[in-house]
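Structure file run-v6.txt (compact mmCIF, C-alpha atoms) follows.
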# COMPACT_ATOMS: atom_id res chain seq x y z
CA MET H 715 66.99 77.14 -25.24
CA GLN H 716 68.87 74.96 -27.71
CA CYS H 717 68.40 71.22 -28.18
CA LYS H 718 71.83 70.63 -26.69
CA ASP H 719 70.88 72.39 -23.46
CA ALA H 720 67.68 70.40 -23.16
CA GLU H 721 69.48 67.07 -23.45
CA GLU H 722 69.59 66.21 -19.77
CA GLY H 723 66.17 67.73 -19.24
CA LEU H 724 64.90 65.23 -21.80
CA SER H 725 65.93 62.27 -19.64
CA ALA H 726 64.52 63.87 -16.51
CA LEU H 727 61.25 64.56 -18.33
CA ILE H 728 60.90 60.92 -19.40
CA ASP H 729 61.55 59.77 -15.84
CA GLY H 730 59.25 62.33 -14.27
CA GLU H 731 62.15 63.72 -12.29
CA GLY H 732 63.65 67.14 -11.89
CA ALA H 733 62.11 70.42 -10.97
CA GLY H 734 63.00 74.09 -11.08
CA GLU H 735 63.23 76.75 -13.74
CA ARG H 736 65.83 75.01 -15.85
CA GLN H 737 63.78 71.86 -16.00
CA GLN H 738 60.70 73.90 -16.83
CA ALA H 739 62.53 75.63 -19.68
CA ALA H 740 63.77 72.29 -20.99
CA ALA H 741 60.26 70.83 -20.88
CA GLU H 742 58.90 73.82 -22.81
CA HIS H 743 61.61 73.53 -25.41
CA ILE H 744 61.05 69.80 -25.88
CA ALA H 745 57.30 70.21 -26.25
CA GLY H 746 57.80 72.70 -29.05
CA CYS H 747 60.67 70.96 -30.80
CA PRO H 748 59.81 68.06 -33.15
CA GLN H 749 63.39 66.78 -33.06
CA CYS H 750 63.50 66.60 -29.30
CA THR H 751 60.04 65.05 -29.15
CA ALA H 752 61.16 62.35 -31.59
CA LEU H 753 64.27 61.81 -29.49
CA ALA H 754 62.16 61.47 -26.34
CA ASN H 755 60.09 58.82 -28.10
CA ASP H 756 63.25 57.01 -29.13
CA TYR H 757 64.51 57.05 -25.55
CA ARG H 758 61.22 55.69 -24.29
CA HIS H 759 61.41 52.99 -26.89
CA VAL H 760 64.96 52.13 -25.80
CA GLY H 761 63.71 51.84 -22.22
CA GLU H 762 60.77 49.62 -23.17
CA THR H 763 62.99 47.36 -25.24
CA LEU H 764 65.52 47.10 -22.43
CA ARG H 765 62.83 46.11 -19.95
CA ALA H 766 61.61 43.48 -22.40
CA VAL H 767 64.94 41.87 -23.21
CA ALA H 768 67.77 42.98 -20.91
CA TYR H 769 66.62 41.63 -17.54
CA VAL H 770 68.90 38.76 -16.62
CA PRO H 771 67.03 36.26 -14.45
CA ALA H 772 68.82 34.84 -11.41
CA PRO H 773 69.84 31.17 -11.74
CA ALA H 774 67.46 28.77 -10.01
CA GLY H 775 69.91 27.57 -7.38
CA LEU H 776 71.15 30.96 -6.31
CA GLU H 777 68.66 31.60 -3.53
CA ALA H 778 69.52 28.26 -1.89
CA LYS H 779 73.22 29.10 -2.08
CA VAL H 780 72.62 32.46 -0.47
CA ARG H 781 70.58 30.86 2.32
CA ALA H 782 73.33 28.33 2.94
CA ARG H 783 75.99 31.04 3.11
CA LEU H 784 73.87 33.05 5.53
CA ALA H 785 73.29 30.02 7.74
CA VAL H 786 77.06 29.47 7.97
CA GLU H 787 77.52 33.13 8.73
CA ALA H 788 74.85 33.04 11.44
CA LEU H 789 76.45 30.00 13.07
CA ALA H 790 79.89 31.63 13.10
CA ALA H 791 78.44 34.77 14.63
CA ALA H 792 76.60 32.76 17.26
CA GLN H 793 79.77 30.89 18.23
CA ALA H 794 81.78 34.08 18.40
CA ALA H 795 79.11 35.70 20.57
CA ALA H 796 78.91 32.64 22.80
CA GLN H 797 82.68 32.59 23.27
CA ALA H 798 82.77 36.26 24.10
CA ALA H 799 79.89 35.75 26.51
CA SER H 800 81.29 32.70 28.28
CA GLY H 801 84.59 34.53 28.82
CA ARG H 802 82.85 37.25 30.75
CA TRP H 803 80.11 35.29 32.50
CA ARG H 804 80.37 32.37 34.79
CA PHE H 805 77.96 29.78 36.07
CA ASP H 806 74.58 29.59 34.41
CA ALA H 807 74.76 33.11 33.13
CA GLY H 808 77.25 32.03 30.45
CA ARG H 809 74.95 29.34 29.20
CA TRP H 810 72.04 31.65 29.17
CA MET H 811 73.93 34.28 27.24
CA GLN H 812 75.04 31.68 24.75
CA GLN H 813 71.48 30.66 24.05
CA ALA H 814 70.33 34.23 23.92
CA ALA H 815 73.06 35.14 21.45
CA ALA H 816 72.20 32.19 19.23
CA LEU H 817 68.54 33.17 19.34
CA VAL H 818 69.30 36.74 18.39
CA VAL H 819 71.41 35.62 15.47
CA VAL H 820 68.83 33.16 14.21
CA ALA H 821 66.15 35.83 14.53
CA GLY H 822 68.39 38.17 12.59
CA LEU H 823 68.88 35.62 9.85
CA ALA H 824 65.19 34.91 9.62
CA ALA H 825 64.49 38.60 9.57
CA LEU H 826 66.97 39.27 6.80
CA VAL H 827 65.59 36.51 4.65
CA SER H 828 61.97 37.42 5.23
CA TRP H 829 62.72 41.09 4.80
CA HIS H 830 64.45 40.31 1.54
CA LEU H 831 61.64 38.09 0.29
CA THR H 832 59.22 40.82 1.19
CA TRP H 833 60.78 43.57 -0.78
CA SER H 834 61.62 41.41 -3.74
CA ALA H 835 57.99 40.56 -4.29
CA ALA H 836 57.29 43.40 -6.64
CA ASP H 837 53.54 43.43 -6.14
CA GLN H 838 53.75 43.53 -2.35
CA ASP H 839 51.96 46.39 -0.79
CA ARG H 840 54.46 49.05 0.20
CA GLN H 841 52.68 49.74 3.48
CA GLN H 842 52.71 46.09 4.53
CA ARG H 843 56.33 45.86 3.65
CA ASP H 844 57.24 48.95 5.65
CA VAL H 845 55.18 47.81 8.65
CA LEU H 846 56.90 44.45 8.61
CA ALA H 847 60.33 46.02 8.15
CA ALA H 848 59.74 48.47 11.01
CA HIS H 849 58.56 45.67 13.28
CA VAL H 850 61.51 43.43 12.47
CA ARG H 851 63.94 46.30 12.88
CA SER H 852 62.51 47.11 16.27
CA LEU H 853 63.08 43.51 17.34
CA LEU H 854 66.66 43.56 16.11
CA GLN H 855 67.58 46.78 17.81
CA GLU H 856 68.73 46.73 21.36
CA ALA H 857 66.40 49.58 22.24
CA PRO H 858 63.14 49.29 20.33
CA ILE H 859 61.66 52.08 22.40
CA GLN H 860 62.65 55.72 22.32
CA VAL H 861 60.48 56.80 25.21
CA ALA H 862 60.21 54.03 27.76
CA SER H 863 57.25 54.54 30.00
CA SER H 864 54.09 52.76 30.93
CA GLU H 865 52.59 56.12 31.82
CA ARG H 866 50.44 57.31 28.93
CA HIS H 867 50.63 60.91 30.17
CA LEU H 868 54.37 60.77 29.52
CA VAL H 869 54.24 58.91 26.22
CA ARG H 870 51.64 61.10 24.54
CA PRO H 871 53.45 64.45 25.04
CA TRP H 872 56.71 62.86 23.92
CA PHE H 873 55.28 62.72 20.40
CA ASN H 874 54.80 66.51 20.32
CA GLY H 875 57.05 67.90 17.64
CA ARG H 876 58.14 64.44 16.58
CA VAL H 877 55.06 63.69 14.53
CA GLU H 878 52.61 66.20 13.15
CA PHE H 879 49.59 64.74 14.95
CA ALA H 880 48.66 63.69 18.48
CA PRO H 881 48.40 59.91 18.69
CA GLY H 882 45.92 58.34 21.07
CA VAL H 883 47.81 56.52 23.80
CA LYS H 884 46.00 54.00 25.98
CA ASP H 885 47.36 52.17 28.97
CA LEU H 886 45.98 48.67 28.75
CA THR H 887 47.79 47.16 31.71
CA PRO H 888 44.53 46.06 33.36
CA GLN H 889 43.77 44.06 30.21
CA ASN H 890 47.26 42.50 30.33
CA PHE H 891 48.72 44.54 27.53
CA THR H 892 51.57 46.42 29.18
CA LEU H 893 52.51 49.72 27.55
CA LEU H 894 56.28 49.73 27.18
CA GLY H 895 56.64 53.08 25.47
CA GLY H 896 56.75 54.79 22.09
CA ARG H 897 58.88 55.41 19.08
CA VAL H 898 58.84 57.20 15.76
CA ASP H 899 59.03 55.10 12.59
CA TRP H 900 59.03 55.75 8.88
CA ILE H 901 56.29 54.00 6.94
CA ASP H 902 55.03 54.58 3.43
CA GLY H 903 57.04 57.77 3.12
CA ARG H 904 55.89 59.46 6.33
CA ARG H 905 56.73 59.72 9.98
CA VAL H 906 54.41 57.63 12.10
CA ALA H 907 53.87 57.18 15.82
CA THR H 908 54.57 53.73 17.21
CA LEU H 909 53.31 52.40 20.53
CA VAL H 910 54.96 49.32 21.93
CA TYR H 911 52.88 46.91 23.99
CA LYS H 912 53.82 43.63 25.53
CA ARG H 913 51.81 40.55 26.39
CA ARG H 914 53.80 37.85 28.14
CA LEU H 915 56.96 37.70 26.01
CA HIS H 916 55.43 39.04 22.84
CA ILE H 917 56.25 42.53 21.65
CA ILE H 918 53.44 44.26 19.78
CA ASN H 919 54.12 47.31 17.66
CA VAL H 920 51.13 49.55 16.94
CA PHE H 921 51.78 52.09 14.19
CA MET H 922 49.46 55.01 13.57
CA TRP H 923 49.25 57.98 11.27
CA PRO H 924 46.52 60.27 9.90
CA ALA H 925 44.50 58.69 7.09
CA ASP H 926 44.40 60.30 3.65
CA VAL H 927 40.76 59.36 3.35
CA GLN H 928 38.57 60.07 6.35
CA ALA H 929 36.33 56.99 5.94
CA ASP H 930 36.75 54.32 8.62
CA ALA H 931 37.96 50.91 7.55
CA ALA H 932 37.09 47.69 9.36
CA PRO H 933 39.94 45.65 10.86
CA ARG H 934 41.67 43.39 8.37
CA ALA H 935 43.88 40.64 9.71
CA ILE H 936 46.70 39.23 7.62
CA GLY H 937 49.76 37.08 8.11
CA LEU H 938 53.05 38.72 7.17
CA LYS H 939 55.88 36.23 6.93
CA GLY H 940 54.85 34.48 10.08
CA TYR H 941 53.82 37.59 11.99
CA ASN H 942 50.21 38.48 12.60
CA ALA H 943 49.08 41.94 11.60
CA ILE H 944 45.83 43.86 11.73
CA SER H 945 45.16 47.12 9.96
CA TRP H 946 42.20 49.41 10.48
CA THR H 947 41.17 53.03 10.17
CA SER H 948 39.22 54.79 12.86
CA GLY H 949 38.89 58.38 13.97
CA GLY H 950 40.78 59.51 10.89
CA MET H 951 43.84 57.48 11.82
CA VAL H 952 45.32 54.48 10.07
CA HIS H 953 46.44 51.81 12.55
CA TRP H 954 48.63 48.79 12.08
CA ALA H 955 49.25 46.30 14.86
CA ILE H 956 51.86 43.61 14.27
CA SER H 957 53.34 40.93 16.49
CA ASP H 958 54.26 37.29 16.82
CA LEU H 959 51.37 37.10 19.25
CA ASN H 960 48.58 34.79 18.09
CA ALA H 961 45.89 36.33 15.91
CA LYS H 962 43.15 35.97 18.53
CA GLU H 963 44.95 37.93 21.23
CA LEU H 964 46.10 40.50 18.71
CA ALA H 965 42.44 41.00 17.76
CA GLU H 966 41.71 41.57 21.48
CA LEU H 967 44.21 44.40 21.52
CA GLN H 968 42.73 45.82 18.35
CA ALA H 969 39.29 45.88 19.97
CA LEU H 970 40.70 47.70 23.01
CA LEU H 971 42.38 50.36 20.91
CA MET X 1137 67.38 38.52 -5.40
CA ARG X 1138 66.24 39.29 -8.94
CA ALA X 1139 67.46 42.86 -8.80
CA ALA X 1140 70.71 41.93 -7.06
CA PHE X 1141 71.61 39.37 -9.69
CA ASN X 1142 70.59 41.55 -12.60
CA LEU X 1143 72.71 44.46 -11.39
CA ALA X 1144 75.66 42.21 -10.59
CA TYR X 1145 75.44 40.66 -14.04
CA TRP X 1146 75.38 43.97 -15.82
CA ILE X 1147 78.42 45.17 -13.90
CA VAL X 1148 80.64 42.09 -14.17
CA ARG X 1149 78.99 40.65 -17.32
CA SER X 1150 79.48 37.06 -16.32
CA ARG X 1151 76.82 34.81 -14.84
CA GLU X 1152 79.25 32.84 -12.70
CA GLU X 1153 80.87 35.90 -11.25
CA ALA X 1154 77.51 37.55 -10.74
CA GLU X 1155 76.44 34.54 -8.65
CA ASP X 1156 79.50 34.93 -6.44
CA VAL X 1157 78.92 38.64 -6.16
CA VAL X 1158 75.32 38.17 -5.01
CA GLN X 1159 76.33 35.63 -2.37
CA ASP X 1160 79.10 37.84 -1.01
CA ALA X 1161 76.80 40.81 -1.05
CA PHE X 1162 74.14 39.03 1.01
CA VAL X 1163 76.73 37.98 3.58
CA ARG X 1164 77.88 41.59 3.80
CA ALA X 1165 74.30 42.78 4.09
CA PHE X 1166 73.79 40.31 6.92
CA ARG X 1167 76.85 41.55 8.78
CA GLY X 1168 75.89 45.16 8.24
CA PHE X 1169 72.18 44.77 8.92
CA ALA X 1170 72.50 46.38 12.35
CA ARG X 1171 73.82 49.55 10.74
CA PHE X 1172 71.04 49.68 8.15
CA ASP X 1173 68.99 52.85 8.72
CA GLY X 1174 65.77 51.42 7.36
CA ALA X 1175 65.40 53.82 4.44
CA ALA X 1176 65.09 52.41 0.90
CA PRO X 1177 66.09 48.77 1.54
CA LYS X 1178 66.35 47.99 -2.16
CA ALA X 1179 68.83 50.79 -2.79
CA TRP X 1180 70.73 49.76 0.34
CA LEU X 1181 71.17 46.18 -0.83
CA LEU X 1182 71.97 47.23 -4.38
CA THR X 1183 74.67 49.55 -3.04
CA ILE X 1184 76.34 46.57 -1.40
CA VAL X 1185 75.92 44.47 -4.55
CA ARG X 1186 77.47 47.21 -6.60
CA ASN X 1187 80.45 47.62 -4.28
CA VAL X 1188 81.16 43.89 -4.26
CA ALA X 1189 80.78 43.75 -8.04
CA TYR X 1190 83.24 46.60 -8.50
CA ARG X 1191 85.73 44.84 -6.27
CA ALA X 1192 85.33 41.73 -8.42
CA LEU X 1193 85.90 43.83 -11.52
CA GLN X 1194 89.04 45.36 -10.10
CA SER X 1195 90.48 42.08 -8.95
CA ARG X 1196 89.98 40.84 -12.47
CA LYS X 1197 91.98 43.80 -13.69
CA ARG X 1198 89.35 44.74 -16.13
CA SER X 1199 90.03 48.26 -15.07
CA ALA X 1200 90.16 49.37 -18.67
CA ASN X 1201 86.37 49.34 -18.58
CA VAL X 1202 86.08 51.08 -15.26
CA VAL X 1203 85.85 54.82 -15.08
CA LEU X 1204 87.74 55.86 -12.00
CA PHE X 1205 85.76 57.94 -9.59
CA SER X 1206 88.79 59.86 -8.46
CA GLU X 1207 88.68 61.71 -11.74
CA ASP X 1208 86.61 64.80 -11.83
CA LEU X 1209 83.65 63.32 -13.60
CA ARG X 1210 81.56 66.43 -13.68
CA ASN X 1211 84.31 68.31 -15.34
CA GLN X 1212 84.99 65.50 -17.71
CA GLU X 1213 81.39 65.21 -18.67
CA GLY X 1214 80.58 68.87 -18.67
CA GLY X 1215 83.62 69.81 -20.69
CA ASP X 1216 82.78 67.39 -23.41
CA VAL X 1217 80.75 69.26 -25.99
CA ARG X 1218 78.70 66.68 -27.79
CA GLU X 1219 76.42 67.10 -30.69
CA LEU X 1220 72.90 66.05 -29.95
CA PRO X 1221 72.24 62.93 -32.02
CA SER X 1222 70.28 64.08 -35.00
CA PRO X 1223 66.84 62.62 -34.54
CA GLU X 1224 66.02 62.37 -38.22
CA ARG X 1225 64.97 58.72 -37.95
CA SER X 1226 61.52 58.35 -36.58
CA ALA X 1227 60.50 56.09 -33.74
CA GLU X 1228 58.51 54.06 -36.24
CA ALA X 1229 61.68 53.27 -38.15
CA LEU X 1230 63.29 52.12 -34.93
CA LEU X 1231 60.37 49.86 -34.15
CA VAL X 1232 60.59 47.74 -37.28
CA ALA X 1233 64.15 46.50 -36.89
CA GLN X 1234 63.99 42.78 -36.27
CA SER X 1235 67.20 42.09 -34.47
CA GLU X 1236 67.29 45.37 -32.64
CA SER X 1237 67.07 43.72 -29.24
CA HIS X 1238 70.37 41.97 -29.87
CA GLU X 1239 71.85 45.21 -31.01
CA LEU X 1240 70.59 46.93 -27.90
CA LEU X 1241 72.01 44.29 -25.56
CA ALA X 1242 75.37 44.52 -27.30
CA ALA X 1243 75.31 48.30 -27.06
CA LEU X 1244 74.45 48.13 -23.36
CA ALA X 1245 77.28 45.67 -22.75
CA GLU X 1246 79.67 48.03 -24.52
CA LEU X 1247 78.76 51.09 -22.48
CA PRO X 1248 81.34 52.11 -19.88
CA VAL X 1249 80.33 50.48 -16.62
CA SER X 1250 79.55 53.76 -14.86
CA TYR X 1251 76.96 54.56 -17.55
CA ARG X 1252 75.72 51.00 -17.81
CA GLU X 1253 74.92 50.69 -14.11
CA VAL X 1254 72.94 53.92 -14.13
CA VAL X 1255 70.91 52.81 -17.14
CA VAL X 1256 70.26 49.42 -15.50
CA LEU X 1257 69.21 50.96 -12.18
CA ARG X 1258 66.84 53.36 -13.91
CA GLU X 1259 65.38 51.38 -16.80
CA LEU X 1260 65.37 47.89 -15.28
CA GLU X 1261 65.04 48.54 -11.56
CA GLY X 1262 63.06 51.76 -11.70
CA LEU X 1263 65.07 53.49 -8.97
CA SER X 1264 64.62 57.22 -8.53
CA TYR X 1265 67.49 59.57 -9.36
CA SER X 1266 68.24 60.16 -5.70
CA GLU X 1267 68.27 56.40 -4.98
CA ILE X 1268 70.62 55.86 -7.92
CA ALA X 1269 72.85 58.68 -6.70
CA ARG X 1270 73.08 57.02 -3.30
CA THR X 1271 73.73 53.59 -4.81
CA VAL X 1272 76.54 54.70 -7.10
CA ASP X 1273 77.83 57.31 -4.64
CA ALA X 1274 77.66 60.23 -7.07
CA PRO X 1275 75.72 63.52 -7.16
CA VAL X 1276 72.28 63.51 -8.78
CA GLY X 1277 73.61 65.81 -11.51
CA THR X 1278 76.19 63.23 -12.46
CA VAL X 1279 73.53 60.52 -12.51
CA MET X 1280 71.44 62.66 -14.86
CA SER X 1281 74.24 63.30 -17.29
CA ARG X 1282 75.37 59.66 -17.30
CA LEU X 1283 71.84 58.45 -17.86
CA SER X 1284 71.38 60.96 -20.63
CA ARG X 1285 74.64 59.96 -22.31
CA GLY X 1286 73.91 56.27 -21.87
CA ARG X 1287 70.50 56.61 -23.45
CA ALA X 1288 71.93 58.58 -26.35
CA GLU X 1289 74.53 55.88 -26.96
CA LEU X 1290 71.93 53.12 -26.95
CA ARG X 1291 69.61 55.03 -29.22
CA ASN X 1292 72.44 55.79 -31.64
CA ALA X 1293 73.48 52.15 -31.69
CA LEU X 1294 69.92 51.25 -32.72
CA ALA X 1295 69.86 54.02 -35.33
CA ARG X 1296 73.16 52.84 -36.80
CA HIS X 1297 71.84 49.32 -36.90
CA ILE X 1298 68.79 50.38 -38.85
CA ALA X 1299 70.86 52.47 -41.22
CA LYS X 1300 72.97 49.42 -41.93
CA ASP X 1301 69.92 47.27 -42.56
CA GLU X 1302 68.58 49.76 -45.02
CA THR X 1303 71.88 49.95 -46.85
CA ASP X 1304 71.97 46.17 -47.05
CA ALA X 1305 68.45 46.12 -48.42
CA VAL X 1306 69.39 48.53 -51.21

Could you show the structure in this file as structure tokens?
Amino acid sequence: MQCKDAEEGLSALIDGEGAGERQQAAAEHIAGCPQCTALANDYRHVGETLRAVAYVPAPAGLEAKVRARLAVEALAAAQAAAQAASGRWRFDAGRWMQQAAALVVVAGLAALVSWHLTWSAADQDRQQRDVLAAHVRSLLQEAPIQVASSERHLVRPWFNGRVEFAPGVKDLTPQNFTLLGGRVDWIDGRRVATLVYKRRLHIINVFMWPADVQADAAPRAIGLKGYNAISWTSGGMVHWAISDLNAKELAELQALL
Amino acid sequence: MRAAFNLAYWIVRSREEAEDVVQDAFVRAFRGFARFDGAAPKAWLLTIVRNVAYRALQSRKRSANVVLFSEDLRNQEGGDVRELPSPERSAEALLVAQSESHELLAALAELPVSYREVVVLRELEGLSYSEIARTVDAPVGTVMSRLSRGRAELRNALARHIAKDETDAV
């Protein structure tokens, strides 16, 4: 292989991308070619220098401006929804719909902002971020549940073929945690099983997937942008429970699972 | 917010316009949030930022700097037989140049925008090739060749700069 042919392979090699025979051949050529090796070092140096000097920081007031624009947007959407609703509904139903629509929009705004803040914090744990995003998404969607059943013998088989493990499904209705159903989510680069419970008006998402390390981990409670979350590992499965339910009651659920 | 502003800046190359672009992009993201599929939120937002920034560029009629996507880029890039830059200058020589960061910023600003955005997304935002491909709506192969060309341009700009310094010194 000539240097010219290895040119693109050089970039892919630096970035740890690319696979296949061609890439392999390029990598072999570069390793044995002093010119290409020097070029690779130059490219790395270019990258390091760029990271050091080329990042343009956002102006201090920008975030406030964005929030203000989004608030205006949310208000407009709420009014539009309320108008549409009051046209179709009469009596108290119209009022109720109006309030519901406003609530949904405000929740959406809050979710967008918190979701944004979450991912922009570079050091945030990817798992936490994904759990939070999945929870917020489920609240924004009209149907947060793909299999709606309080019958655990229906929910558990539903996961067959949808995830590559059999999640434990418990009906906790006697303990006042109603099983609403299940769903499949995407967290930390894998498909996970989600059980949806409800206590009073609070939706609780419980995510689970097989642990990479078999050791059990004790429950760890954290606050995620106003939501309460608990993560633990037991029986070879990682669990995450997240909700706007208070931390004490969430811990009750954790103990039951 | 950081990433959105940085990308917007490097596409439109104006702080004021980049601020407008970020605000418009967030409003669009808000309106389109229901359609967001949940995969790669950063790439999703940056895609919107990029689209808004391009619209700003076009409305400014700076189209001279914009490579049109309707052209067959692969062909254009593949058909162009370029010499590999001769790597006779060592990395050590590159390191010593004092004002090289200025040179590098100027070189980045001068890159065609379709190369510049790919370099920014990779080197500054650390996106994977497939995320970049989705953000700029181009095949991964195109991303690779643009990144490769962009890097070569930047490196050559630095090399030229050092050559000039040495000539001045003599």

Worksheet item: Which residue out of X:Ile1184, X:Leu1247, X:Ala1192, X:Leu1263 has the minimum interatomic distance to chain H when all atoms listed in the file are used?
Response: X:Leu1263

Contact check, chain X to chain H, at most 7 Å, counting all atoms listed in the file, closest pairs as a tab-separated table:
residue	atom	partner	partner_atom	distance
X:Met1137	CA	H:Ser834	CA	6.7
X:Arg1138	CA	H:Ala772	CA	5.7
X:Phe1141	CA	H:Ala772	CA	5.6
X:Asn1142	CA	H:Val770	CA	5.2
X:Glu1155	CA	H:Leu776	CA	6.8
X:Gln1159	CA	H:Val780	CA	5.2
X:Phe1162	CA	H:Val780	CA	6.9
X:Val1163	CA	H:Leu784	CA	6.0
X:Phe1166	CA	H:Leu826	CA	6.9
X:Leu1220	CA	H:Lys718	CA	5.7
X:Pro1223	CA	H:Gln749	CA	5.6
X:Ser1226	CA	H:Ala752	CA	6.4
X:Ala1227	CA	H:Asp756	CA	5.4
X:Ser1237	CA	H:Val767	CA	6.7
X:Leu1241	CA	H:Ala768	CA	6.4
X:Glu1259	CA	H:Gly761	CA	5.7
X:Leu1260	CA	H:Arg765	CA	5.6
X:Met1280	CA	H:Glu722	CA	6.3
X:Ser1281	CA	H:Glu722	CA	6.0
X:Ser1284	CA	H:Glu722	CA	5.6
X:Arg1287	CA	H:Tyr757	CA	6.4
X:Arg1291	CA	H:Val760	CA	6.5

Worksheet item: Hey, can you check how far atom CA of Ala1179 of chain X sits from atom CA of Ser852 of chain H?
Response: 20.4 Å

Discussion item. Residues proximal to (49.4, 50.0, 13.1) were defined as those with any atom within 9 Å of that point in the file's coordinates, counting all atoms listed in the file. Which are they, as a list in words?
Written reply: Val845, Ala907, Thr908, Leu909, Asn919, Val920, Phe921, Met922, Trp923, Ala943, Ile944, Ser945, Trp946, Val952, His953, Trp954, Ala955 and Ile956 of chain H

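Restricting the calculation to only C-alpha atoms, the smallest distance between Pro888 of chain H and any of H:Arg870, H:Arg913, H:Arg843, H:Arg904 is found for H:Arg913.
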
Practice prompt. Find the distance between atom CA of Ser957 of chain H and atom CA of His849 of chain H and write it in Å to one decimal.
Written response: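 Separating atom CA of Ser957 of chain H from atom CA of His849 of chain H is a distance of 7.7 Å.
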
Item to complete: Give as a PyMOL selection string every residue, naming chains and numbers as the document does, that has an atom within 9 Å of (73.1, 51.3, -24.4), counting only C-alpha atoms.
Response: (chain H and resi 760+764) or (chain X and resi 1240-1247+1251-1252+1255+1286-1294)

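Reported to one decimal place, the separation of atom CA of Pro1177 of chain X from atom CA of Arg934 of chain H is 25.9 Å.
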
Fill in: X:Ser1264, X:Ser1150, X:Thr1271, X:Thr1278 ranked by distance to Asn1187 of chain X, top pick (using all atoms listed in the file)
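Selected residue with least distance to Asn1187 of chain X: X:Thr1271.
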
Discussion item. As a list in words, please: the residues near Ala1140 of chain X (cut-off 9 Å, all atoms listed in the file, same-chain neighbours under 6 positions excluded).
Written reply: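 My reading of the contact set: Ala772 of chain H; Ala1154, Val1157, Val1158, Ala1161, Lys1178, Leu1181, Leu1182, Val1185 and Arg1186 of chain X.
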